[in-house]
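*Asks:* What follows is start26.txt, compact mmCIF, C-alpha atoms (C1' of nucleotides).
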```
# COMPACT_ATOMS: atom_id res chain seq x y z
CA MET A 1 -11.10 10.85 27.48
CA PRO A 2 -9.24 8.66 29.97
CA ILE A 3 -7.92 5.32 28.80
CA ASN A 4 -10.53 3.47 30.84
CA TYR A 5 -13.22 4.83 28.60
CA PHE A 6 -11.69 2.88 25.72
CA ILE A 7 -10.83 -0.19 27.77
CA GLU A 8 -14.47 -0.48 28.75
CA GLN A 9 -15.50 -0.38 25.12
CA LEU A 10 -13.17 -3.27 24.42
CA GLN A 11 -14.56 -5.26 27.33
CA ALA A 12 -18.11 -4.58 26.19
CA LYS A 13 -17.22 -6.07 22.81
CA GLY A 14 -15.73 -9.15 24.46
CA VAL A 15 -12.15 -8.75 23.26
CA LYS A 16 -9.25 -9.46 25.58
CA ILE A 17 -7.51 -6.61 27.34
CA THR A 18 -3.88 -7.29 26.51
CA PRO A 19 -0.94 -5.09 27.48
CA GLN A 20 -0.25 -4.59 23.77
CA ARG A 21 -3.72 -3.19 23.15
CA GLN A 22 -3.45 -0.85 26.07
CA GLU A 23 -0.10 0.41 24.83
CA ILE A 24 -1.52 1.15 21.40
CA ILE A 25 -4.35 3.20 22.86
CA LYS A 26 -1.92 4.99 25.17
CA VAL A 27 0.22 6.01 22.21
CA PHE A 28 -2.74 7.77 20.65
CA LEU A 29 -3.81 9.42 23.88
CA GLU A 30 -0.30 10.66 24.65
CA SER A 31 0.51 11.77 21.14
CA GLN A 32 0.33 15.36 20.05
CA ASP A 33 0.54 14.16 16.47
CA LEU A 34 -3.01 13.31 15.75
CA HIS A 35 -2.32 11.05 12.80
CA LEU A 36 -0.11 8.03 13.18
CA SER A 37 0.84 5.30 10.75
CA ALA A 38 1.21 1.68 11.84
CA GLU A 39 4.98 2.07 11.60
CA GLU A 40 4.92 5.14 13.84
CA VAL A 41 2.76 3.46 16.45
CA HIS A 42 5.10 0.48 16.40
CA GLY A 43 8.15 2.70 16.70
CA ARG A 44 6.83 4.53 19.73
CA ILE A 45 5.94 1.37 21.57
CA THR A 46 9.13 -0.56 20.89
CA VAL A 47 11.14 2.12 22.69
CA LYS A 48 9.74 0.73 25.94
CA PHE A 49 8.53 -2.72 24.77
CA PRO A 50 10.95 -3.98 22.15
CA SER A 51 9.10 -7.24 21.63
CA MET A 52 5.95 -5.64 20.23
CA SER A 53 5.34 -7.15 16.83
CA LEU A 54 4.40 -5.00 13.85
CA ASP A 55 1.80 -7.58 12.96
CA THR A 56 0.14 -7.01 16.30
CA VAL A 57 0.02 -3.29 15.64
CA TYR A 58 -1.66 -3.80 12.27
CA ARG A 59 -4.11 -6.33 13.64
CA ASN A 60 -5.14 -4.08 16.48
CA LEU A 61 -5.34 -0.86 14.50
CA SER A 62 -7.70 -2.64 12.17
CA MET A 63 -9.75 -4.00 15.04
CA LEU A 64 -9.92 -0.67 16.86
CA GLN A 65 -11.07 0.96 13.65
CA LYS A 66 -13.84 -1.61 13.22
CA LEU A 67 -14.97 -0.96 16.78
CA GLY A 68 -15.15 2.76 16.13
CA ILE A 69 -12.33 3.71 18.50
CA LEU A 70 -9.99 4.80 15.71
CA THR A 71 -10.62 6.46 12.36
CA GLU A 72 -8.55 5.38 9.39
CA LEU A 73 -7.41 8.13 7.06
CA ASN A 74 -5.97 7.99 3.56
CA PHE A 75 -4.15 11.08 2.48
CA GLY A 76 -3.22 9.82 -0.94
CA ASP A 77 0.18 8.33 -0.34
CA ARG A 78 -0.64 4.70 -0.06
CA LYS A 79 -0.35 4.27 3.65
CA SER A 80 -3.08 4.48 6.25
CA LEU A 81 -3.02 6.94 9.09
CA PHE A 82 -5.07 6.56 12.23
CA GLU A 83 -6.51 9.01 14.72
CA ILE A 84 -8.38 8.31 17.92
CA ASN A 85 -12.01 9.38 18.17
CA ASN A 86 -11.87 11.53 21.25
CA SER A 87 -12.96 14.79 19.70
CA GLN A 88 -15.69 16.07 17.43
CA HIS A 89 -16.15 14.57 13.98
CA HIS A 90 -14.16 16.50 11.41
CA HIS A 91 -12.31 16.37 8.10
CA HIS A 92 -8.94 17.64 6.88
CA LEU A 93 -7.09 20.10 4.71
CA ILE A 94 -3.86 18.44 3.61
CA CYS A 95 -0.89 20.34 2.29
CA THR A 96 0.59 18.65 -0.77
CA LYS A 97 3.88 20.43 -0.22
CA CYS A 98 4.75 19.87 3.44
CA GLY A 99 2.34 17.03 4.17
CA GLY A 100 0.83 18.81 7.15
CA SER A 101 -2.87 18.80 7.86
CA GLN A 102 -5.44 20.87 9.66
CA GLU A 103 -8.94 20.00 10.76
CA ILE A 104 -12.12 21.54 9.39
CA GLU A 105 -15.42 21.19 11.11
CA PHE A 106 -17.48 20.72 8.01
CA CYS A 107 -19.03 17.42 7.03
CA PRO A 108 -20.53 16.81 3.59
CA LEU A 109 -23.09 14.39 5.01
CA ASP A 110 -24.81 17.31 6.72
CA PHE A 111 -25.58 18.75 3.30
CA LEU A 112 -26.23 15.59 1.34
CA ASP A 113 -29.76 15.19 0.04
CA LYS A 114 -31.00 11.77 1.19
CA GLN A 115 -32.20 11.23 -2.34
CA HIS A 116 -28.59 10.55 -3.33
CA ILE A 117 -28.22 7.62 -0.97
CA LYS A 118 -31.57 5.97 -1.50
CA ASN A 119 -31.24 2.19 -1.33
CA PHE A 120 -27.71 2.48 0.01
CA LYS A 121 -26.77 1.74 3.61
CA VAL A 122 -24.06 4.24 4.54
CA GLN A 123 -21.29 2.88 6.74
CA LYS A 124 -18.59 5.52 6.52
CA HIS A 125 -17.28 8.28 4.32
CA SER A 126 -14.12 10.15 3.47
CA PHE A 127 -13.64 13.77 2.58
CA GLU A 128 -10.40 15.66 2.32
CA ILE A 129 -9.20 18.78 0.59
CA PHE A 130 -5.68 18.90 -0.84
CA GLY A 131 -3.75 22.05 -1.58
CA ILE A 132 -1.10 24.45 -0.34
CA CYS A 133 -1.18 25.63 3.25
CA ALA A 134 -0.55 29.19 4.39
CA ASN A 135 3.02 28.43 5.47
CA CYS A 136 4.03 26.87 2.18
CA MET A 137 2.63 29.83 0.23
CA GLN A 138 5.13 32.04 2.19
CA MET B 139 -14.88 13.33 -26.38
CA PRO B 140 -12.76 12.10 -29.29
CA ILE B 141 -9.17 11.15 -28.63
CA ASN B 142 -7.89 14.21 -30.48
CA TYR B 143 -9.32 16.40 -27.78
CA PHE B 144 -6.89 14.83 -25.32
CA ILE B 145 -3.98 14.65 -27.74
CA GLU B 146 -4.26 18.36 -28.24
CA GLN B 147 -4.09 18.94 -24.54
CA LEU B 148 -0.86 16.98 -24.44
CA GLN B 149 0.61 18.98 -27.29
CA ALA B 150 -0.38 22.22 -25.61
CA LYS B 151 1.57 21.14 -22.55
CA GLY B 152 4.60 20.30 -24.66
CA VAL B 153 4.81 16.57 -23.92
CA LYS B 154 5.62 14.13 -26.69
CA ILE B 155 2.82 12.23 -28.37
CA THR B 156 4.05 8.65 -28.09
CA PRO B 157 2.11 5.58 -29.25
CA GLN B 158 2.12 4.38 -25.63
CA ARG B 159 0.38 7.52 -24.46
CA GLN B 160 -2.22 7.29 -27.13
CA GLU B 161 -2.91 3.66 -26.25
CA ILE B 162 -3.44 4.54 -22.61
CA ILE B 163 -5.96 7.22 -23.47
CA LYS B 164 -7.70 4.86 -25.91
CA VAL B 165 -8.10 2.25 -23.20
CA PHE B 166 -10.04 4.72 -21.08
CA LEU B 167 -12.16 5.94 -23.98
CA GLU B 168 -13.02 2.42 -25.10
CA SER B 169 -13.60 1.04 -21.63
CA GLN B 170 -17.06 0.57 -20.20
CA ASP B 171 -15.45 0.10 -16.80
CA LEU B 172 -15.01 3.62 -15.66
CA HIS B 173 -12.36 2.89 -13.06
CA LEU B 174 -9.14 1.17 -14.04
CA SER B 175 -6.06 0.30 -12.03
CA ALA B 176 -2.57 0.57 -13.50
CA GLU B 177 -2.46 -3.20 -13.75
CA GLU B 178 -5.75 -3.28 -15.67
CA VAL B 179 -4.64 -0.61 -18.10
CA HIS B 180 -1.40 -2.51 -18.67
CA GLY B 181 -3.25 -5.78 -19.16
CA ARG B 182 -5.56 -4.34 -21.80
CA ILE B 183 -2.74 -2.82 -23.80
CA THR B 184 -0.36 -5.76 -23.74
CA VAL B 185 -2.95 -7.88 -25.54
CA LYS B 186 -2.10 -5.91 -28.68
CA PHE B 187 1.24 -4.39 -27.68
CA PRO B 188 3.09 -6.92 -25.54
CA SER B 189 6.13 -4.73 -25.09
CA MET B 190 4.32 -2.03 -23.13
CA SER B 191 6.09 -1.61 -19.81
CA LEU B 192 4.20 -1.39 -16.53
CA ASP B 193 6.50 1.43 -15.52
CA THR B 194 5.39 3.40 -18.55
CA VAL B 195 1.77 2.92 -17.55
CA TYR B 196 2.43 4.23 -14.06
CA ARG B 197 4.47 7.15 -15.31
CA ASN B 198 1.80 8.20 -17.76
CA LEU B 199 -1.17 7.71 -15.47
CA SER B 200 0.54 9.99 -13.02
CA MET B 201 1.32 12.55 -15.71
CA LEU B 202 -2.19 12.48 -17.18
CA GLN B 203 -3.58 13.01 -13.70
CA LYS B 204 -1.36 16.02 -13.13
CA LEU B 205 -2.51 17.49 -16.44
CA GLY B 206 -6.14 17.05 -15.41
CA ILE B 207 -6.99 14.44 -18.05
CA LEU B 208 -7.45 11.65 -15.51
CA THR B 209 -8.79 11.62 -11.97
CA GLU B 210 -7.14 9.38 -9.42
CA LEU B 211 -9.46 7.59 -7.01
CA ASN B 212 -8.73 5.78 -3.78
CA PHE B 213 -11.42 3.44 -2.63
CA GLY B 214 -9.69 2.28 0.50
CA ASP B 215 -7.88 -0.80 -0.70
CA ARG B 216 -4.43 0.50 -1.24
CA LYS B 217 -4.39 0.76 -4.98
CA SER B 218 -5.23 3.71 -7.15
CA LEU B 219 -7.98 3.67 -9.72
CA PHE B 220 -8.21 6.14 -12.57
CA GLU B 221 -11.07 7.53 -14.60
CA ILE B 222 -10.98 9.86 -17.58
CA ASN B 223 -12.50 13.30 -17.24
CA ASN B 224 -14.97 13.23 -20.09
CA SER B 225 -18.17 13.63 -18.11
CA GLN B 226 -19.49 15.85 -15.39
CA HIS B 227 -17.65 16.13 -12.08
CA HIS B 228 -19.02 13.62 -9.59
CA HIS B 229 -18.27 11.46 -6.58
CA HIS B 230 -18.97 7.84 -5.67
CA LEU B 231 -20.90 5.45 -3.48
CA ILE B 232 -18.73 2.37 -2.97
CA CYS B 233 -20.10 -0.97 -1.84
CA THR B 234 -17.89 -2.54 0.82
CA LYS B 235 -19.33 -5.97 0.05
CA CYS B 236 -19.13 -6.33 -3.75
CA GLY B 237 -16.70 -3.51 -4.46
CA GLY B 238 -19.00 -1.94 -7.03
CA SER B 239 -19.49 1.79 -7.25
CA GLN B 240 -22.06 4.27 -8.49
CA GLU B 241 -21.76 7.95 -9.22
CA ILE B 242 -23.49 10.72 -7.32
CA GLU B 243 -23.77 14.22 -8.64
CA PHE B 244 -23.16 15.94 -5.38
CA CYS B 245 -19.98 17.80 -4.56
CA PRO B 246 -19.13 19.00 -1.05
CA LEU B 247 -17.23 21.99 -2.39
CA ASP B 248 -20.52 23.50 -3.57
CA PHE B 249 -21.60 23.68 0.07
CA LEU B 250 -18.33 24.54 1.73
CA ASP B 251 -18.19 27.92 3.40
CA LYS B 252 -15.11 29.70 2.04
CA GLN B 253 -14.29 30.60 5.61
CA HIS B 254 -13.07 27.02 6.06
CA ILE B 255 -10.41 27.31 3.37
CA LYS B 256 -9.13 30.77 4.14
CA ASN B 257 -5.36 30.94 3.49
CA PHE B 258 -5.41 27.58 1.78
CA LYS B 259 -5.03 27.16 -1.98
CA VAL B 260 -7.27 24.25 -2.93
CA GLN B 261 -5.88 21.93 -5.60
CA LYS B 262 -8.13 18.91 -5.44
CA HIS B 263 -10.43 17.02 -3.12
CA SER B 264 -11.78 13.57 -2.46
CA PHE B 265 -15.19 12.51 -1.24
CA GLU B 266 -16.61 9.02 -1.19
CA ILE B 267 -19.34 7.25 0.71
CA PHE B 268 -18.86 3.61 1.68
CA GLY B 269 -21.64 1.20 2.53
CA ILE B 270 -23.86 -1.57 1.22
CA CYS B 271 -25.47 -1.26 -2.19
CA ALA B 272 -29.06 -2.22 -3.02
CA ASN B 273 -28.01 -5.52 -4.60
CA CYS B 274 -25.95 -6.67 -1.64
CA MET B 275 -28.78 -5.88 0.77
CA GLN B 276 -30.93 -8.37 -1.24
C1' DA C 277 -5.65 -20.56 43.33
C1' DT C 278 -5.33 -23.57 39.43
C1' DC C 279 -6.91 -25.32 35.03
C1' DT C 280 -8.50 -24.80 30.41
C1' DT C 281 -8.99 -23.00 25.98
C1' DA C 282 -10.00 -19.78 22.54
C1' DA C 283 -7.90 -15.56 21.45
C1' DA C 284 -3.83 -13.08 20.81
C1' DT C 285 1.11 -12.51 20.01
C1' DA C 286 6.11 -12.66 18.05
C1' DG C 287 8.82 -13.35 14.44
C1' DT C 288 9.32 -14.07 9.97
C1' DA C 289 7.95 -14.95 5.22
C1' DA C 290 5.07 -13.61 1.50
C1' DT C 291 2.38 -10.50 -1.30
C1' DA C 292 0.89 -6.42 -3.78
C1' DA C 293 1.34 -1.93 -5.54
C1' DT C 294 4.39 1.29 -6.85
C1' DT C 295 8.85 3.49 -7.75
C1' DC C 296 13.64 3.44 -9.10
C1' DC C 297 17.44 2.55 -12.25
C1' DT C 298 19.91 2.33 -16.60
C1' DA C 299 20.82 1.50 -21.19
C1' DA C 300 18.44 1.92 -25.49
C1' DT C 301 15.01 4.18 -28.32
C1' DT C 302 12.38 7.92 -30.31
C1' DA C 303 9.48 12.31 -31.15
C1' DG C 304 9.89 16.47 -32.86
C1' DG C 305 12.48 20.63 -33.64
C1' DA C 306 16.78 22.48 -36.06
C1' DT D 307 18.57 13.99 -42.06
C1' DC D 308 20.57 15.05 -37.67
C1' DC D 309 20.43 16.06 -32.77
C1' DT D 310 19.02 15.87 -28.19
C1' DA D 311 16.08 15.86 -24.46
C1' DA D 312 12.23 13.13 -23.40
C1' DT D 313 10.56 8.66 -23.12
C1' DT D 314 10.60 3.71 -22.89
C1' DA D 315 11.51 -1.47 -21.59
C1' DG D 316 12.86 -4.51 -18.45
C1' DG D 317 14.03 -5.69 -14.25
C1' DA D 318 15.45 -4.67 -9.51
C1' DA D 319 14.23 -2.37 -5.32
C1' DT D 320 11.14 -0.39 -2.01
C1' DT D 321 7.13 0.18 0.92
C1' DA D 322 3.03 -1.02 3.19
C1' DT D 323 0.42 -4.65 4.49
C1' DT D 324 -1.09 -9.43 5.18
C1' DA D 325 -0.31 -14.40 5.98
C1' DC D 326 1.56 -18.19 8.56
C1' DT D 327 2.69 -20.90 12.58
C1' DA D 328 4.36 -22.13 16.89
C1' DT D 329 4.02 -20.15 21.38
C1' DT D 330 1.91 -17.46 24.96
C1' DT D 331 -1.81 -15.56 27.65
C1' DA D 332 -6.38 -13.40 29.35
C1' DA D 333 -10.14 -14.56 31.59
C1' DG D 334 -13.89 -17.63 32.58
C1' DA D 335 -14.77 -22.24 34.81
C1' DT D 336 -13.56 -25.51 38.28
```
Written as structure tokens, how would this file's structure read?
*Replies:*
Amino acid sequence: MPINYFIEQLQAKGVKITPQRQEIIKVFLESQDLHLSAEEVHGRITVKFPSMSLDTVYRNLSMLQKLGILTELNFGDRKSLFEINNSQHHHHLICTKCGGSQEIEFCPLDFLDKQHIKNFKVQKHSFEIFGICANCMQ
Amino acid sequence: MPINYFIEQLQAKGVKITPQRQEIIKVFLESQDLHLSAEEVHGRITVKFPSMSLDTVYRNLSMLQKLGILTELNFGDRKSLFEINNSQHHHHLICTKCGGSQEIEFCPLDFLDKQHIKNFKVQKHSFEIFGICANCMQ
DNA sequence: ATCTTAAATAGTAATAATTCCTAATTAGGA
DNA sequence: TCCTAATTAGGAATTATTACTATTTAAGAT
């Protein structure tokens, strides 16, 4: 997805298109690392734009998540990671030894009997599997 | 499950049976709240044993989780909740409005094709559904 | 093109949860 | 009863995140 695809979503929601916001989205689009913490996003931007505030990063990551542009992930350490939604919905295998992760294209919601969520309006869900990856098993 | 069931597990693993450890387990067995934070566990114990250190609570919650006596839950705010494993394995629906939760007896691993976890040694998993509960919808 | 204003930002302080550190204590085996 | 490694209390330190406030700015209106 080109950056304009996301910019248009922001415009449609009536939020201002600031240079800071565009930089944040660019970081995700340019990154090979799929999962970035607020600190990492901030670090990558301040190389070129030293005045970017960490507060601005947090505020925008949160906003982009609410708009559905980013997904927030919690891998158990108590810091949030974010990934941009420009590929198919998926979940993760997370290695508890090296911290690495790989995607799996399996979603529990596809198998969940609607009976279980009667009278409950689903907004989002999390599913991750923790263990030892092939590399760390030698 | 009586407390001795858990004490025996500790002995089998060769860890010392301290009064502090027993108090922590008691708190979970006596609690109607299924999910307790470290702070809550500490608060309940210091009523009777004011000298209990918060560090000791954290250390033991972590140890009890590693031994499989407690399950650690992350409901998105960045603090861990713990529940004792004395009932059937389950997951949770979490209300994003009131913070309440209910159990569902559905586990994704029962539906996961083993193909997805080839060359990966599964240790644990998390699955929760977030949304609005019946009460909060009026 | 300029003006206006609500939204957004920078910089810093504050908070919350958790972990670290060290001297003192203790459970449990010898 | 003694010994020692494991555990604890108490407080300091760390980490991630949020709050605060004065200043700046995007974008619609004039």
*Asks:* Rank B:Lys186, B:Pro246, B:Val165, B:Asp251 by their smallest atom-to-atom distance to Glu221 of chain B, using all atoms listed in the file, and report the top residue only.
*Replies:*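 Of B:Lys186, B:Pro246, B:Val165, B:Asp251, the one nearest Glu221 of chain B is B:Val165, counting all atoms listed in the file.
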*Asks:* Could you tell me which residues of chain B sit within 12 Å of chain D when counting only C-alpha atoms (C1' of nucleotides), and give me the result as a PDB file with C-alpha atoms, in the frame of the given file?
*Replies:*
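This is the output file selection35.pdb:
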```
ATOM      1  CA  GLY B 152       4.600  20.300 -24.660  1.00  0.00           C
ATOM      2  CA  VAL B 153       4.810  16.570 -23.920  1.00  0.00           C
ATOM      3  CA  LYS B 154       5.620  14.130 -26.690  1.00  0.00           C
ATOM      4  CA  ILE B 155       2.820  12.230 -28.370  1.00  0.00           C
ATOM      5  CA  THR B 156       4.050   8.650 -28.090  1.00  0.00           C
ATOM      6  CA  PRO B 157       2.110   5.580 -29.250  1.00  0.00           C
ATOM      7  CA  GLN B 158       2.120   4.380 -25.630  1.00  0.00           C
ATOM      8  CA  ARG B 159       0.380   7.520 -24.460  1.00  0.00           C
ATOM      9  CA  PRO B 188       3.090  -6.920 -25.540  1.00  0.00           C
ATOM     10  CA  SER B 189       6.130  -4.730 -25.090  1.00  0.00           C
ATOM     11  CA  MET B 190       4.320  -2.030 -23.130  1.00  0.00           C
ATOM     12  CA  SER B 191       6.090  -1.610 -19.810  1.00  0.00           C
ATOM     13  CA  LEU B 192       4.200  -1.390 -16.530  1.00  0.00           C
ATOM     14  CA  ASP B 193       6.500   1.430 -15.520  1.00  0.00           C
ATOM     15  CA  THR B 194       5.390   3.400 -18.550  1.00  0.00           C
ATOM     16  CA  VAL B 195       1.770   2.920 -17.550  1.00  0.00           C
ATOM     17  CA  ARG B 197       4.470   7.150 -15.310  1.00  0.00           C
ATOM     18  CA  ASN B 198       1.800   8.200 -17.760  1.00  0.00           C
ATOM     19  CA  ASP B 215      -7.880  -0.800  -0.700  1.00  0.00           C
ATOM     20  CA  ARG B 216      -4.430   0.500  -1.240  1.00  0.00           C
ATOM     21  CA  LYS B 217      -4.390   0.760  -4.980  1.00  0.00           C
TER      22      LYS B 217
END
```
*Asks:* Quick one: which residues from chain B are at most 6 Å off chain A, using all atoms listed in the file, as a PyMOL selection string?
*Replies:* chain B and resi 216+246+257-272
*Asks:* From the set B:Phe187, B:Ser200, B:Ser239, B:Gln149, which residue has the shortest atom-to-atom contact distance to His173 of chain B, counting all atoms listed in the file?
*Replies:*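 Using all atoms listed in the file, His173 of chain B sits closest to B:Ser239.
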*Asks:* Using only C-alpha atoms (C1' of nucleotides), find the one residue out of A:His91, A:Val41, A:Tyr58, A:Ile7 that sits nearest to chain C.
*Replies:*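 Comparing A:His91, A:Val41, A:Tyr58, A:Ile7 against chain C, the winner is A:Tyr58.
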*Asks:* Atom CA of Ala12 of chain A and atom C1' of DT281 of chain C, how far apart in Å?
*Replies:*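 If I compute the distance from atom C1' of DT281 of chain C to atom CA of Ala12 of chain A, I get 20.6 Å.
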*Asks:* Provide an axis-aligned box for all listed atoms of segment 209-228 of chain B, padding each side by 5 Å; report its centre and its edge lengths in Å to one decimal, as lines of an AutoDock Vina configuration file.
*Replies:*
```
center_x = -11.9
center_y = 7.7
center_z = -9.8
size_x = 25.1
size_y = 26.9
size_z = 30.6
```
